[in-house]
$ cat run_35.csv   # CSV, C-alpha atoms
chain,number,residue,atom,x,y,z
A,1,MET,CA,-8.2,31.6,-1.5
A,2,HIS,CA,-6.8,32.7,1.9
A,3,ASP,CA,-9.2,35.2,3.6
A,4,ASN,CA,-7.8,35.7,7.1
A,5,PRO,CA,-7.1,39.4,7.3
A,6,THR,CA,-5.6,39.2,10.8
A,7,SER,CA,-2.7,37.0,10.0
A,8,THR,CA,0.5,37.8,8.0
A,9,TRP,CA,0.7,34.6,6.0
A,10,ILE,CA,4.1,33.1,5.2
A,11,THR,CA,4.2,30.9,2.1
A,12,THR,CA,6.6,28.0,2.2
A,13,PRO,CA,7.7,26.1,-1.0
A,14,ILE,CA,6.5,22.5,-0.9
A,15,THR,CA,9.7,20.4,-1.6
A,16,GLY,CA,11.1,17.1,-0.6
A,17,SER,CA,12.6,18.7,2.6
A,18,ILE,CA,9.1,18.8,4.2
A,19,LEU,CA,7.4,15.9,2.4
A,20,ARG,CA,7.8,12.3,3.4
A,21,GLY,CA,6.4,9.1,2.0
A,22,ALA,CA,6.6,9.9,-1.7
A,23,LEU,CA,9.2,8.5,-4.1
A,24,ASP,CA,8.7,11.3,-6.7
A,25,LEU,CA,7.4,14.8,-6.9
A,26,GLU,CA,6.0,15.8,-10.3
A,27,ARG,CA,6.0,19.5,-11.1
A,28,THR,CA,2.6,20.7,-12.4
A,29,GLU,CA,1.2,24.0,-13.6
A,30,ARG,CA,-0.1,24.7,-10.1
A,31,GLY,CA,2.4,23.1,-7.8
A,32,VAL,CA,3.6,19.5,-7.1
A,33,LEU,CA,2.0,16.1,-7.4
A,34,PRO,CA,3.4,13.4,-5.1
A,35,HIS,CA,3.8,9.9,-6.6
A,36,ARG,CA,4.5,6.7,-4.8
A,37,LEU,CA,6.3,5.1,-7.7
A,38,PRO,CA,9.1,6.8,-9.6
A,39,ALA,CA,8.6,8.2,-13.1
A,40,LYS,CA,10.6,5.3,-14.7
A,41,ALA,CA,8.3,2.8,-13.1
A,42,ARG,CA,5.1,4.7,-14.1
A,43,ALA,CA,6.4,4.8,-17.7
A,44,GLN,CA,6.5,1.0,-17.8
A,45,SER,CA,2.8,0.4,-17.2
A,46,ALA,CA,-0.3,1.5,-19.1
A,47,ASP,CA,-2.7,0.2,-16.4
A,48,GLY,CA,-5.2,2.8,-15.3
A,49,GLN,CA,-5.7,1.2,-11.9
A,50,LEU,CA,-2.0,1.4,-11.1
A,51,SER,CA,-1.8,5.0,-12.3
A,52,MET,CA,-4.7,5.9,-10.1
A,53,VAL,CA,-3.5,4.2,-6.9
A,54,GLU,CA,0.1,5.2,-7.0
A,55,SER,CA,-0.9,8.8,-7.2
A,56,GLN,CA,-3.2,8.5,-4.2
A,57,PRO,CA,-0.9,9.5,-1.4
A,58,SER,CA,-1.4,6.9,1.3
A,59,GLY,CA,1.2,7.6,4.0
A,60,VAL,CA,2.4,10.8,2.3
A,61,ARG,CA,2.6,13.7,4.7
A,62,LEU,CA,3.9,17.2,5.1
A,63,VAL,CA,6.2,17.4,8.1
A,64,PHE,CA,7.6,20.6,9.5
A,65,ARG,CA,8.5,22.5,12.7
A,66,THR,CA,6.8,25.8,13.4
A,67,ALA,CA,5.3,28.0,16.1
A,68,ALA,CA,2.3,28.7,13.8
A,69,THR,CA,-1.2,28.6,15.3
A,70,ALA,CA,-2.9,28.5,11.8
A,71,VAL,CA,-2.1,26.4,8.7
A,72,GLU,CA,-3.7,26.5,5.3
A,73,LEU,CA,-2.9,24.1,2.5
A,74,ASP,CA,-4.2,24.8,-1.0
A,75,VAL,CA,-4.8,21.5,-2.9
A,76,LEU,CA,-6.4,20.2,-6.1
A,77,PRO,CA,-7.8,16.9,-5.1
A,78,THR,CA,-9.0,14.2,-7.5
A,79,LYS,CA,-11.8,12.4,-5.8
A,80,THR,CA,-12.8,8.9,-7.0
A,81,VAL,CA,-16.3,7.5,-6.6
A,82,TYR,CA,-17.8,4.2,-7.8
A,83,ARG,CA,-21.2,4.3,-9.4
A,84,GLY,CA,-23.7,2.3,-7.5
A,85,ALA,CA,-21.4,1.6,-4.5
A,86,GLN,CA,-21.4,2.9,-1.0
A,87,THR,CA,-19.5,6.0,0.0
A,88,LEU,CA,-16.0,5.0,1.1
A,89,PRO,CA,-13.7,6.6,3.7
A,90,GLY,CA,-10.1,7.8,3.0
A,91,ASN,CA,-10.7,11.4,2.1
A,92,ASP,CA,-9.5,13.1,5.2
A,93,TYR,CA,-6.4,15.2,6.0
A,94,ASP,CA,-5.1,14.3,9.4
A,95,LEU,CA,-3.2,16.9,11.5
A,96,LEU,CA,-0.7,15.6,14.0
A,97,VAL,CA,1.0,17.9,16.5
A,98,ASP,CA,4.0,16.4,18.2
A,99,GLY,CA,2.7,13.0,17.1
A,100,ARG,CA,-0.9,13.3,18.4
A,101,LEU,CA,-4.0,13.7,16.3
A,102,ALA,CA,-5.0,17.4,16.6
A,103,GLY,CA,-7.4,17.8,13.8
A,104,ARG,CA,-9.1,16.3,10.7
A,105,ALA,CA,-10.5,18.1,7.6
A,106,THR,CA,-11.5,17.5,4.0
A,107,ALA,CA,-10.7,19.5,0.9
A,108,PRO,CA,-13.6,21.3,-0.9
A,109,GLY,CA,-13.6,21.4,-4.7
A,110,GLY,CA,-11.4,19.3,-6.8
A,111,ASN,CA,-11.9,17.0,-9.8
A,112,LEU,CA,-14.4,14.1,-9.6
A,113,VAL,CA,-13.7,10.8,-11.3
A,114,THR,CA,-16.7,8.4,-11.5
A,115,ILE,CA,-15.9,4.7,-12.2
A,116,ASP,CA,-18.6,2.2,-13.3
A,117,MET,CA,-17.2,-1.1,-12.0
A,118,ALA,CA,-19.8,-3.1,-13.9
A,119,THR,CA,-18.8,-1.7,-17.3
A,120,GLY,CA,-15.3,-0.3,-16.7
A,121,GLY,CA,-16.5,3.2,-17.9
A,122,VAL,CA,-14.8,6.3,-16.4
A,123,SER,CA,-16.0,9.9,-16.5
A,124,THR,CA,-14.2,13.0,-15.2
A,125,GLU,CA,-15.6,16.3,-14.1
A,126,ALA,CA,-13.1,19.1,-13.5
A,127,GLY,CA,-13.2,21.3,-10.3
A,128,PRO,CA,-11.4,24.1,-8.6
A,129,VAL,CA,-8.5,24.2,-6.1
A,130,GLY,CA,-9.7,24.1,-2.5
A,131,THR,CA,-8.2,25.1,0.9
A,132,VAL,CA,-7.7,22.8,3.9
A,133,ARG,CA,-7.5,24.9,7.1
A,134,PHE,CA,-6.3,24.1,10.6
A,135,THR,CA,-6.6,26.9,13.2
A,136,GLU,CA,-6.3,27.4,16.9
A,137,LEU,CA,-3.2,25.3,17.1
A,138,ALA,CA,-1.4,25.4,20.5
A,139,ALA,CA,1.2,28.2,20.8
A,140,GLY,CA,4.9,27.4,20.9
A,141,VAL,CA,7.3,25.5,18.6
A,142,LYS,CA,5.9,22.1,17.7
A,143,ASP,CA,6.3,19.4,15.0
A,144,VAL,CA,3.4,19.4,12.6
A,145,GLU,CA,2.4,16.6,10.2
A,146,ILE,CA,-0.4,16.8,7.7
A,147,TRP,CA,-1.2,13.3,6.4
A,148,LEU,CA,-2.8,13.4,2.9
A,149,PRO,CA,-5.9,11.4,2.1
A,150,TYR,CA,-5.2,7.8,1.0
A,151,ARG,CA,-8.1,7.8,-1.5
A,152,GLU,CA,-7.6,11.2,-3.3
A,153,LYS,CA,-4.9,12.1,-5.8
A,154,THR,CA,-3.6,15.3,-4.3
A,155,GLU,CA,-1.9,18.1,-6.2
A,156,LEU,CA,-0.2,20.4,-3.6
A,157,VAL,CA,-0.5,24.0,-4.6
A,158,GLU,CA,0.5,26.2,-1.6
A,159,LEU,CA,1.3,25.9,2.1
A,160,ARG,CA,0.7,29.0,4.3
A,161,THR,CA,1.3,29.5,8.0
A,162,ASP,CA,1.2,32.4,10.4
A,163,ALA,CA,4.8,31.7,11.6
A,164,PRO,CA,7.9,30.5,9.8
A,165,VAL,CA,8.3,26.8,8.9
A,166,GLU,CA,11.5,24.7,8.9
A,167,PRO,CA,12.2,21.0,8.3
A,168,VAL,CA,12.1,18.7,11.3
A,169,PRO,CA,15.6,17.5,12.1
A,170,ASP,CA,16.5,13.9,11.6
A,171,ARG,CA,15.2,12.0,14.7
A,172,GLY,CA,17.3,8.9,14.0
A,173,ARG,CA,14.2,6.8,13.3
A,174,ARG,CA,14.4,3.7,11.2
A,175,VAL,CA,12.7,3.8,7.8
A,176,TRP,CA,10.2,1.0,7.1
A,177,LEU,CA,9.4,0.5,3.5
A,178,HIS,CA,6.2,-1.6,3.0
A,179,HIS,CA,4.6,-2.9,-0.2
A,180,GLY,CA,1.2,-4.5,-0.4
A,181,SER,CA,-2.3,-4.5,-1.8
A,182,SER,CA,-5.4,-2.3,-1.1
A,183,ILE,CA,-5.5,-3.3,2.6
A,184,SER,CA,-2.0,-1.9,3.0
A,185,HIS,CA,-3.0,1.1,0.9
A,186,GLY,CA,-5.8,1.7,3.4
A,187,SER,CA,-9.1,0.3,2.1
A,188,ASN,CA,-11.9,1.1,4.7
A,189,ALA,CA,-9.5,2.6,7.3
A,190,GLU,CA,-10.8,5.9,8.7
A,191,SER,CA,-7.9,7.9,7.3
A,192,SER,CA,-4.2,7.7,6.3
A,193,THR,CA,-3.0,7.7,10.0
A,194,THR,CA,-5.2,4.7,10.8
A,195,THR,CA,-4.3,2.3,8.1
A,196,TRP,CA,-2.7,-0.8,9.6
A,197,PRO,CA,0.8,0.2,8.4
A,198,ALA,CA,0.5,3.7,9.7
A,199,LEU,CA,-0.7,2.5,13.1
A,200,SER,CA,2.1,-0.1,13.3
A,201,ALA,CA,4.7,2.5,12.4
A,202,ALA,CA,3.4,4.9,15.1
A,203,THR,CA,3.6,2.1,17.7
A,204,ALA,CA,7.1,1.2,16.7
A,205,GLY,CA,8.4,4.8,16.3
A,206,VAL,CA,9.6,4.3,12.7
A,207,GLU,CA,9.2,6.3,9.5
A,208,LEU,CA,6.8,4.7,7.1
A,209,VAL,CA,7.1,4.7,3.3
A,210,ASN,CA,3.8,3.0,2.3
A,211,LEU,CA,3.8,1.4,-1.2
A,212,GLY,CA,0.5,-0.3,-0.6
A,213,LEU,CA,-1.0,-0.1,-4.1
A,214,GLY,CA,-4.7,-1.0,-4.2
A,215,GLY,CA,-5.3,-3.8,-6.7
A,216,SER,CA,-1.7,-3.5,-7.9
A,217,ALA,CA,0.5,-5.7,-5.7
A,218,LEU,CA,1.2,-7.9,-8.7
A,219,LEU,CA,4.9,-8.7,-8.5
A,220,ASP,CA,5.6,-6.1,-11.2
A,221,PRO,CA,9.4,-5.9,-11.9
A,222,PHE,CA,9.3,-2.1,-11.9
A,223,THR,CA,7.8,-2.1,-8.3
A,224,ALA,CA,10.6,-4.4,-7.2
A,225,ARG,CA,13.1,-2.0,-8.7
A,226,ALA,CA,11.4,0.9,-6.8
A,227,LEU,CA,11.8,-1.1,-3.6
A,228,ARG,CA,15.4,-1.8,-4.5
A,229,ASP,CA,16.3,1.8,-5.1
A,230,THR,CA,14.5,3.3,-2.0
A,231,PRO,CA,16.6,3.8,1.1
A,232,ALA,CA,15.2,1.7,4.0
A,233,ASP,CA,16.2,0.1,7.2
A,234,LEU,CA,13.3,-2.4,7.2
A,235,ILE,CA,11.4,-3.8,4.2
A,236,SER,CA,8.2,-5.9,4.1
A,237,VAL,CA,6.2,-7.2,1.1
A,238,LYS,CA,2.7,-8.5,1.4
A,239,ILE,CA,1.9,-10.8,-1.5
A,240,GLY,CA,-1.1,-12.7,-2.8
A,241,ILE,CA,-4.6,-11.4,-2.8
A,242,ASN,CA,-4.3,-9.2,-5.9
A,243,LEU,CA,-2.7,-12.1,-7.9
A,244,VAL,CA,-5.8,-14.2,-7.1
A,245,ASN,CA,-8.5,-11.6,-7.7
A,246,ALA,CA,-6.9,-10.4,-10.9
A,247,ASP,CA,-6.3,-14.1,-12.0
A,248,LEU,CA,-3.0,-12.8,-13.3
A,249,MET,CA,-0.8,-15.9,-13.3
A,250,ARG,CA,-0.6,-19.6,-12.6
A,251,LEU,CA,1.4,-21.5,-9.9
A,252,ARG,CA,4.2,-22.2,-12.5
A,253,ALA,CA,4.8,-18.5,-12.9
A,254,PHE,CA,4.2,-17.5,-9.3
A,255,GLY,CA,7.2,-19.2,-7.7
A,256,PRO,CA,9.8,-17.8,-10.1
A,257,ALA,CA,8.1,-14.4,-10.0
A,258,VAL,CA,8.4,-14.3,-6.2
A,259,HIS,CA,12.1,-15.3,-6.4
A,260,GLY,CA,12.8,-12.6,-9.0
A,261,PHE,CA,11.0,-9.9,-7.0
A,262,LEU,CA,13.0,-10.8,-3.9
A,263,ASP,CA,16.2,-11.1,-5.9
A,264,THR,CA,15.7,-7.5,-7.2
A,265,ILE,CA,15.1,-6.1,-3.7
A,266,ARG,CA,18.2,-7.9,-2.4
A,267,ASP,CA,20.2,-6.3,-5.2
A,268,GLY,CA,19.8,-3.0,-3.4
A,269,HIS,CA,19.3,-4.2,0.1
A,270,PRO,CA,21.5,-7.3,0.5
A,271,SER,CA,21.3,-7.6,4.3
A,272,THR,CA,18.3,-5.4,5.3
A,273,PRO,CA,15.6,-7.2,7.4
A,274,LEU,CA,13.1,-8.3,4.7
A,275,LEU,CA,9.7,-9.7,5.7
A,276,VAL,CA,7.4,-11.7,3.4
A,277,ILE,CA,3.8,-11.6,4.5
A,278,SER,CA,1.2,-13.9,3.1
A,279,PRO,CA,-2.5,-13.0,2.7
A,280,ILE,CA,-4.9,-12.5,5.6
A,281,LEU,CA,-8.0,-14.7,5.5
A,282,CYS,CA,-10.5,-14.0,2.7
A,283,PRO,CA,-13.0,-16.8,2.5
A,284,ILE,CA,-14.2,-16.1,-1.1
A,285,HIS,CA,-10.6,-16.8,-2.4
A,286,GLU,CA,-9.3,-19.3,0.1
A,287,ASP,CA,-9.9,-22.3,-2.2
A,288,THR,CA,-11.7,-20.6,-5.1
A,289,PRO,CA,-9.6,-19.0,-7.8
A,290,GLY,CA,-10.3,-15.6,-9.3
A,291,PRO,CA,-11.0,-13.4,-11.0
A,292,GLY,CA,-12.9,-11.5,-8.4
A,293,ALA,CA,-16.0,-9.5,-9.5
A,294,PRO,CA,-18.1,-6.9,-7.8
A,295,VAL,CA,-21.7,-7.5,-7.0
A,296,PHE,CA,-24.0,-4.5,-6.5
A,297,GLU,CA,-26.9,-4.9,-4.0
A,298,ASP,CA,-29.0,-2.1,-2.3
A,299,GLY,CA,-26.4,0.6,-3.1
A,300,ARG,CA,-23.5,-1.4,-1.8
A,301,VAL,CA,-20.8,-3.4,-3.5
A,302,ARG,CA,-19.5,-6.8,-2.4
A,303,PHE,CA,-17.0,-9.1,-4.1
A,304,ARG,CA,-17.2,-12.7,-5.2
A,305,ALA,CA,-14.9,-15.2,-6.7
A,306,THR,CA,-15.8,-16.3,-10.2
A,307,GLY,CA,-13.3,-19.1,-10.7
A,308,ASP,CA,-13.9,-22.9,-10.3
A,309,PRO,CA,-12.2,-24.7,-7.4
A,310,ALA,CA,-11.5,-27.6,-9.8
A,311,GLU,CA,-9.2,-25.3,-11.8
A,312,ARG,CA,-6.7,-25.5,-8.9
A,313,ALA,CA,-5.4,-28.7,-10.5
A,314,ALA,CA,-4.4,-26.7,-13.5
A,315,GLY,CA,-2.4,-24.3,-11.4
A,316,LYS,CA,-4.9,-21.5,-10.8
A,317,LEU,CA,-3.9,-19.6,-7.7
A,318,THR,CA,-5.9,-19.5,-4.5
A,319,LEU,CA,-4.9,-18.0,-1.2
A,320,THR,CA,-4.2,-21.4,0.3
A,321,ALA,CA,-1.8,-22.3,-2.5
A,322,ILE,CA,-0.1,-18.9,-2.2
A,323,ARG,CA,0.5,-19.2,1.5
A,324,GLU,CA,2.0,-22.7,1.0
A,325,GLU,CA,4.3,-21.5,-1.8
A,326,LEU,CA,5.4,-18.4,0.1
A,327,ALA,CA,6.2,-20.4,3.2
A,328,ARG,CA,8.2,-22.8,1.0
A,329,ILE,CA,10.1,-20.1,-0.9
A,330,THR,CA,11.0,-18.1,2.2
A,331,ALA,CA,12.2,-21.2,4.1
A,332,GLN,CA,14.4,-22.2,1.1
A,333,ARG,CA,15.9,-18.7,0.7
A,334,ALA,CA,16.4,-18.2,4.5
A,335,ALA,CA,19.0,-21.0,4.5
A,336,ASP,CA,21.3,-18.5,2.8
A,337,ASP,CA,19.6,-15.3,3.8
A,338,PRO,CA,19.4,-15.0,7.6
A,339,ASN,CA,17.7,-11.6,7.4
A,340,LEU,CA,14.8,-12.9,5.4
A,341,HIS,CA,11.6,-13.6,7.4
A,342,HIS,CA,8.1,-14.9,6.9
A,343,LEU,CA,4.8,-14.0,8.5
A,344,ASP,CA,1.6,-16.0,7.9
A,345,GLY,CA,-1.2,-13.5,7.3
A,346,LEU,CA,-3.6,-15.7,9.2
A,347,GLU,CA,-1.8,-14.6,12.3
A,348,LEU,CA,-3.0,-11.1,11.6
A,349,TYR,CA,-6.6,-12.0,10.6
A,350,GLY,CA,-7.8,-15.6,10.6
A,351,GLU,CA,-11.0,-17.6,11.0
A,352,ALA,CA,-11.8,-16.5,14.5
A,353,ASP,CA,-11.4,-12.9,13.5
A,354,PHE,CA,-13.7,-13.4,10.5
A,355,ALA,CA,-16.3,-14.9,12.7
A,356,GLU,CA,-16.2,-11.9,15.0
A,357,ARG,CA,-15.6,-9.2,12.4
A,358,PRO,CA,-16.4,-10.4,8.9
A,359,LEU,CA,-15.1,-8.5,5.9
A,360,PRO,CA,-17.9,-6.0,5.1
A,361,ASP,CA,-17.5,-6.3,1.3
A,362,ALA,CA,-16.1,-9.9,1.5
A,363,LEU,CA,-12.6,-8.5,0.5
A,364,HIS,CA,-11.5,-5.6,2.7
A,365,PRO,CA,-11.4,-5.3,6.6
A,366,ASP,CA,-13.2,-2.5,8.4
A,367,ALA,CA,-11.6,0.3,10.3
A,368,ALA,CA,-11.6,-1.5,13.6
A,369,THR,CA,-10.0,-4.5,12.0
A,370,HIS,CA,-7.2,-2.3,10.6
A,371,ARG,CA,-6.4,-1.5,14.3
A,372,ARG,CA,-6.4,-5.2,15.2
A,373,ILE,CA,-4.1,-6.1,12.4
A,374,ALA,CA,-1.8,-3.2,13.4
A,375,GLU,CA,-1.6,-4.3,17.0
A,376,ARG,CA,-0.8,-7.9,16.0
A,377,PHE,CA,1.7,-6.9,13.4
A,378,ALA,CA,3.5,-4.6,15.9
A,379,GLY,CA,3.4,-7.3,18.5
A,380,ARG,CA,4.9,-9.9,16.3
A,381,VAL,CA,7.3,-8.0,14.1
A,382,PHE,CA,8.5,-4.9,16.0
A,383,ALA,CA,8.5,-6.4,19.5
A,384,PRO,CA,11.6,-7.9,21.1
A,385,GLY,CA,12.5,-11.1,19.3
A,386,GLY,CA,10.6,-10.0,16.2
A,387,PRO,CA,12.3,-9.6,12.8
A,388,PHE,CA,12.1,-5.8,13.0
A,389,ALA,CA,13.0,-5.5,16.7
A,390,ALA,CA,15.2,-2.5,17.5
A,391,VAL,CA,18.8,-3.4,18.1
A,392,LEU,CA,19.9,-2.0,21.5

$ encode --input "run_35.csv" --output "structure tokens"
Amino acid sequence: MHDNPTSTWITTPITGSILRGALDLERTERGVLPHRLPAKARAQSADGQLSMVESQPSGVRLVFRTAATAVELDVLPTKTVYRGAQTLPGNDYDLLVDGRLAGRATAPGGNLVTIDMATGGVSTEAGPVGTVRFTELAAGVKDVEIWLPYREKTELVELRTDAPVEPVPDRGRRVWLHHGSSISHGSNAESSTTTWPALSAATAGVELVNLGLGGSALLDPFTARALRDTPADLISVKIGINLVNADLMRLRAFGPAVHGFLDTIRDGHPSTPLLVISPILCPIHEDTPGPGAPVFEDGRVRFRATGDPAERAAGKLTLTAIREELARITAQRAADDPNLHHLDGLELYGEADFAERPLPDALHPDAATHRRIAERFAGRVFAPGGPFAAVL
């Protein structure tokens, strides 16, 4: 797999000492598979969507210090495509050197999973291990990060460099633990370093643990326990859109479920700054309940809401109802919890933004809008006076 005869390659074991952003490392026949939910949580759900997205390593990165000028990473990717839909981004490996983007590559080979969104059918084609290469790195000791693709399940097989590798010493940065839906996961961002949480984290100089789970931010108790048990200095949860487009619960269940979710987080983080974020604008679900459904036209997929607005009277959830309820719940709880905060998602992306940059598939923002959301989030949340402002 490595064919550079001029280099004396050094193989470094891939362990938690050089891997960030994963909550669990599963040993496999070939190497290790990063997971963004712990094994106990994974055992409590038989949902194939959750299983897929938690093993897609959004925000997971190899981080090490080295004088190497060449790096090779053997991986077994599992690439997912949707029959009849457009090709989606999120398959790149981003190389950062001393915090700056220095390269971008994709992995050849790998398994291919094809999902038919119209029928729910899934087919899998096995493929080989591939090698991601970065060469001609600047000489001298430097901090290197390889951010894994947010859309590809990635089994890490072997890391090789032409100089020794060591873990990066603790820089004293705060750890930001974030949970949300596919937009937090990365949908339509260029790559894992350009999702809105990754961009916000880079601006603020914090270490990101991204538990954005596409289609799966559903107030699951096992996710709350994962948040509870993960060390963090800052925590945010973005709640709403998946509950509507999955048509998962009614208003009667939603309020107590939010309270229970927050209670569980507080069991492990009683005084950590905790931010509750409501949904950004999504016109198809503002006042129309789910479920959401894909529509295929001219080789592209768009989404539509299939519920009836009249069903709101029976407690069916819409984004408008969820924003109102989250504002009420956080205001109620903040009376006894001064470190609990609320952010209206419309401040990140609202009607004026939609008029300028509509959601391409009616559900997810484009890459440029990820950058806009990141700028606004950092400016409201991490800036002086914000709930995550650094304490001097």

$ atom_distance --input "run_35.csv" --atom1 "atom CA of Ser216 of chain A" --atom2 "atom CA of Gln49 of chain A"
7.4 Å

$ closest_residue --input "run_35.csv" --among "A:Phe64, A:Phe134, A:Phe377, A:Trp147" --to "Asn91 of chain A" --atoms "all atoms listed in the file"
A:Trp147

$ residues_around --input "run_35.csv" --residues "segment 332-342 of chain A" --least-positions-apart "6" --cutoff "8 Å" --atoms "all atoms listed in the file" --output "JSON, numbers by chain"
{"A": [271, 272, 273, 274, 275, 276, 277, 278, 387]}

$ closest_atom_pairs --input "run_35.csv" --of "segment 153-184 of chain A" --to "segment 102-112 of chain A" --cutoff "10 Å" --atoms "all atoms listed in the file" --output "JSON lines"
{"residue": "A:Lys153", "atom": "CA", "partner": "A:Asn111", "partner_atom": "CA", "distance": 9.4}
{"residue": "A:Thr154", "atom": "CA", "partner": "A:Gly110", "partner_atom": "CA", "distance": 9.1}
{"residue": "A:Glu155", "atom": "CA", "partner": "A:Gly110", "partner_atom": "CA", "distance": 9.6}

$ write_last_selection --input "run_35.csv" --atoms "C-alpha atoms" --output "mmCIF file, in the coordinates of the input"
data_model
loop_
_atom_site.group_PDB
_atom_site.id
_atom_site.type_symbol
_atom_site.label_atom_id
_atom_site.label_comp_id
_atom_site.auth_asym_id
_atom_site.auth_seq_id
_atom_site.Cartn_x
_atom_site.Cartn_y
_atom_site.Cartn_z
ATOM 1 C CA LYS A 153 -4.900 12.100 -5.800
ATOM 2 C CA THR A 154 -3.600 15.300 -4.300
ATOM 3 C CA GLU A 155 -1.900 18.100 -6.200
#

$ atom_distance --input "run_35.csv" --atom1 "atom CA of Glu190 of chain A" --atom2 "atom CA of Thr369 of chain A"
10.9 Å

$ residues_near_point --input "run_35.csv" --point "(12.1, -6.8, -6.9)" --cutoff "6 Å" --atoms "all atoms listed in the file" --output "list in words"
Pro221, Ala224, Arg225, Phe261, Leu262, Thr264 and Ile265 of chain A

$ atom_distance --input "run_35.csv" --atom1 "atom CA of Gly386 of chain A" --atom2 "atom CA of Ile373 of chain A"
15.7 Å

$ residues_around --input "run_35.csv" --residues "segment 193-203 of chain A" --least-positions-apart "4" --cutoff "6 Å" --atoms "all atoms listed in the file" --output "ChimeraX atom specification"
/A:186,189,370,374,378

$ residues_around --input "run_35.csv" --residues "Val71 of chain A" --least-positions-apart "5" --cutoff "9 Å" --atoms "only C-alpha atoms" --output "tab-separated table (two decimals) with C-alpha atoms, keeping the file's coordinate frame"
chain	number	residue	atom	x	y	z
A	132	VAL	CA	-7.70	22.80	3.90
A	133	ARG	CA	-7.50	24.90	7.10
A	134	PHE	CA	-6.30	24.10	10.60
A	135	THR	CA	-6.60	26.90	13.20
A	137	LEU	CA	-3.20	25.30	17.10
A	159	LEU	CA	1.30	25.90	2.10
A	160	ARG	CA	0.70	29.00	4.30
A	161	THR	CA	1.30	29.50	8.00
A	162	ASP	CA	1.20	32.40	10.40

$ closest_residue --input "run_35.csv" --among "A:Ala314, A:Ala352, A:Ala68, A:Leu50" --to "Gly215 of chain A" --atoms "all atoms listed in the file"
A:Leu50

$ closest_residue --input "run_35.csv" --among "A:Thr223, A:Pro89, A:Gly31, A:Asp47" --to "Asp366 of chain A" --atoms "all atoms listed in the file"
A:Pro89

$ closest_residue --input "run_35.csv" --among "A:Phe382, A:Gly16, A:Leu156, A:Glu145" --to "Asp74 of chain A" --atoms "only C-alpha atoms"
A:Leu156

$ closest_residue --input "run_35.csv" --among "A:Leu281, A:Leu213, A:Leu343, A:Ile329" --to "Pro256 of chain A" --atoms "all atoms listed in the file"
A:Ile329

$ residues_around --input "run_35.csv" --residues "Ala313 of chain A" --least-positions-apart "6" --cutoff "12 Å" --atoms "all atoms listed in the file" --output "MDAnalysis selection string"
chainID A and resid 250:252 287:289 321

$ build_atoms --input "run_35.csv" --residues "segment 31-43 of chain A" --atoms "N, CA and C atoms" --output "JSON list (two decimals), in the coordinates of the input"
[["chain", "number", "residue", "atom", "x", "y", "z"],
["A", 31, "GLY", "N", 1.50, 23.35, -8.93],
["A", 31, "GLY", "CA", 2.40, 23.10, -7.80],
["A", 31, "GLY", "C", 3.10, 21.76, -7.99],
["A", 32, "VAL", "N", 2.91, 20.82, -7.05],
["A", 32, "VAL", "CA", 3.60, 19.50, -7.10],
["A", 32, "VAL", "C", 2.59, 18.42, -6.87],
["A", 33, "LEU", "N", 2.83, 17.28, -7.52],
["A", 33, "LEU", "CA", 2.00, 16.10, -7.40],
["A", 33, "LEU", "C", 2.84, 14.95, -6.82],
["A", 34, "PRO", "N", 2.58, 14.50, -5.59],
["A", 34, "PRO", "CA", 3.40, 13.40, -5.10],
["A", 34, "PRO", "C", 2.99, 12.07, -5.76],
["A", 35, "HIS", "N", 4.01, 11.28, -6.03],
["A", 35, "HIS", "CA", 3.80, 9.90, -6.60],
["A", 35, "HIS", "C", 4.48, 8.93, -5.64],
["A", 36, "ARG", "N", 3.90, 7.73, -5.58],
["A", 36, "ARG", "CA", 4.50, 6.70, -4.80],
["A", 36, "ARG", "C", 5.25, 5.66, -5.59],
["A", 37, "LEU", "N", 5.34, 5.88, -6.89],
["A", 37, "LEU", "CA", 6.30, 5.10, -7.70],
["A", 37, "LEU", "C", 7.05, 6.16, -8.56],
["A", 38, "PRO", "N", 8.31, 5.89, -8.84],
["A", 38, "PRO", "CA", 9.10, 6.80, -9.60],
["A", 38, "PRO", "C", 8.66, 6.89, -11.07],
["A", 39, "ALA", "N", 9.07, 7.96, -11.77],
["A", 39, "ALA", "CA", 8.60, 8.20, -13.10],
["A", 39, "ALA", "C", 8.98, 7.03, -14.05],
["A", 40, "LYS", "N", 10.15, 6.44, -13.87],
["A", 40, "LYS", "CA", 10.60, 5.30, -14.70],
["A", 40, "LYS", "C", 9.63, 4.14, -14.58],
["A", 41, "ALA", "N", 9.21, 3.88, -13.36],
["A", 41, "ALA", "CA", 8.30, 2.80, -13.10],
["A", 41, "ALA", "C", 6.91, 3.10, -13.76],
["A", 42, "ARG", "N", 6.45, 4.32, -13.59],
["A", 42, "ARG", "CA", 5.10, 4.70, -14.10],
["A", 42, "ARG", "C", 5.14, 4.59, -15.66],
["A", 43, "ALA", "N", 6.28, 4.84, -16.28],
["A", 43, "ALA", "CA", 6.40, 4.80, -17.70],
["A", 43, "ALA", "C", 6.30, 3.35, -18.27]]
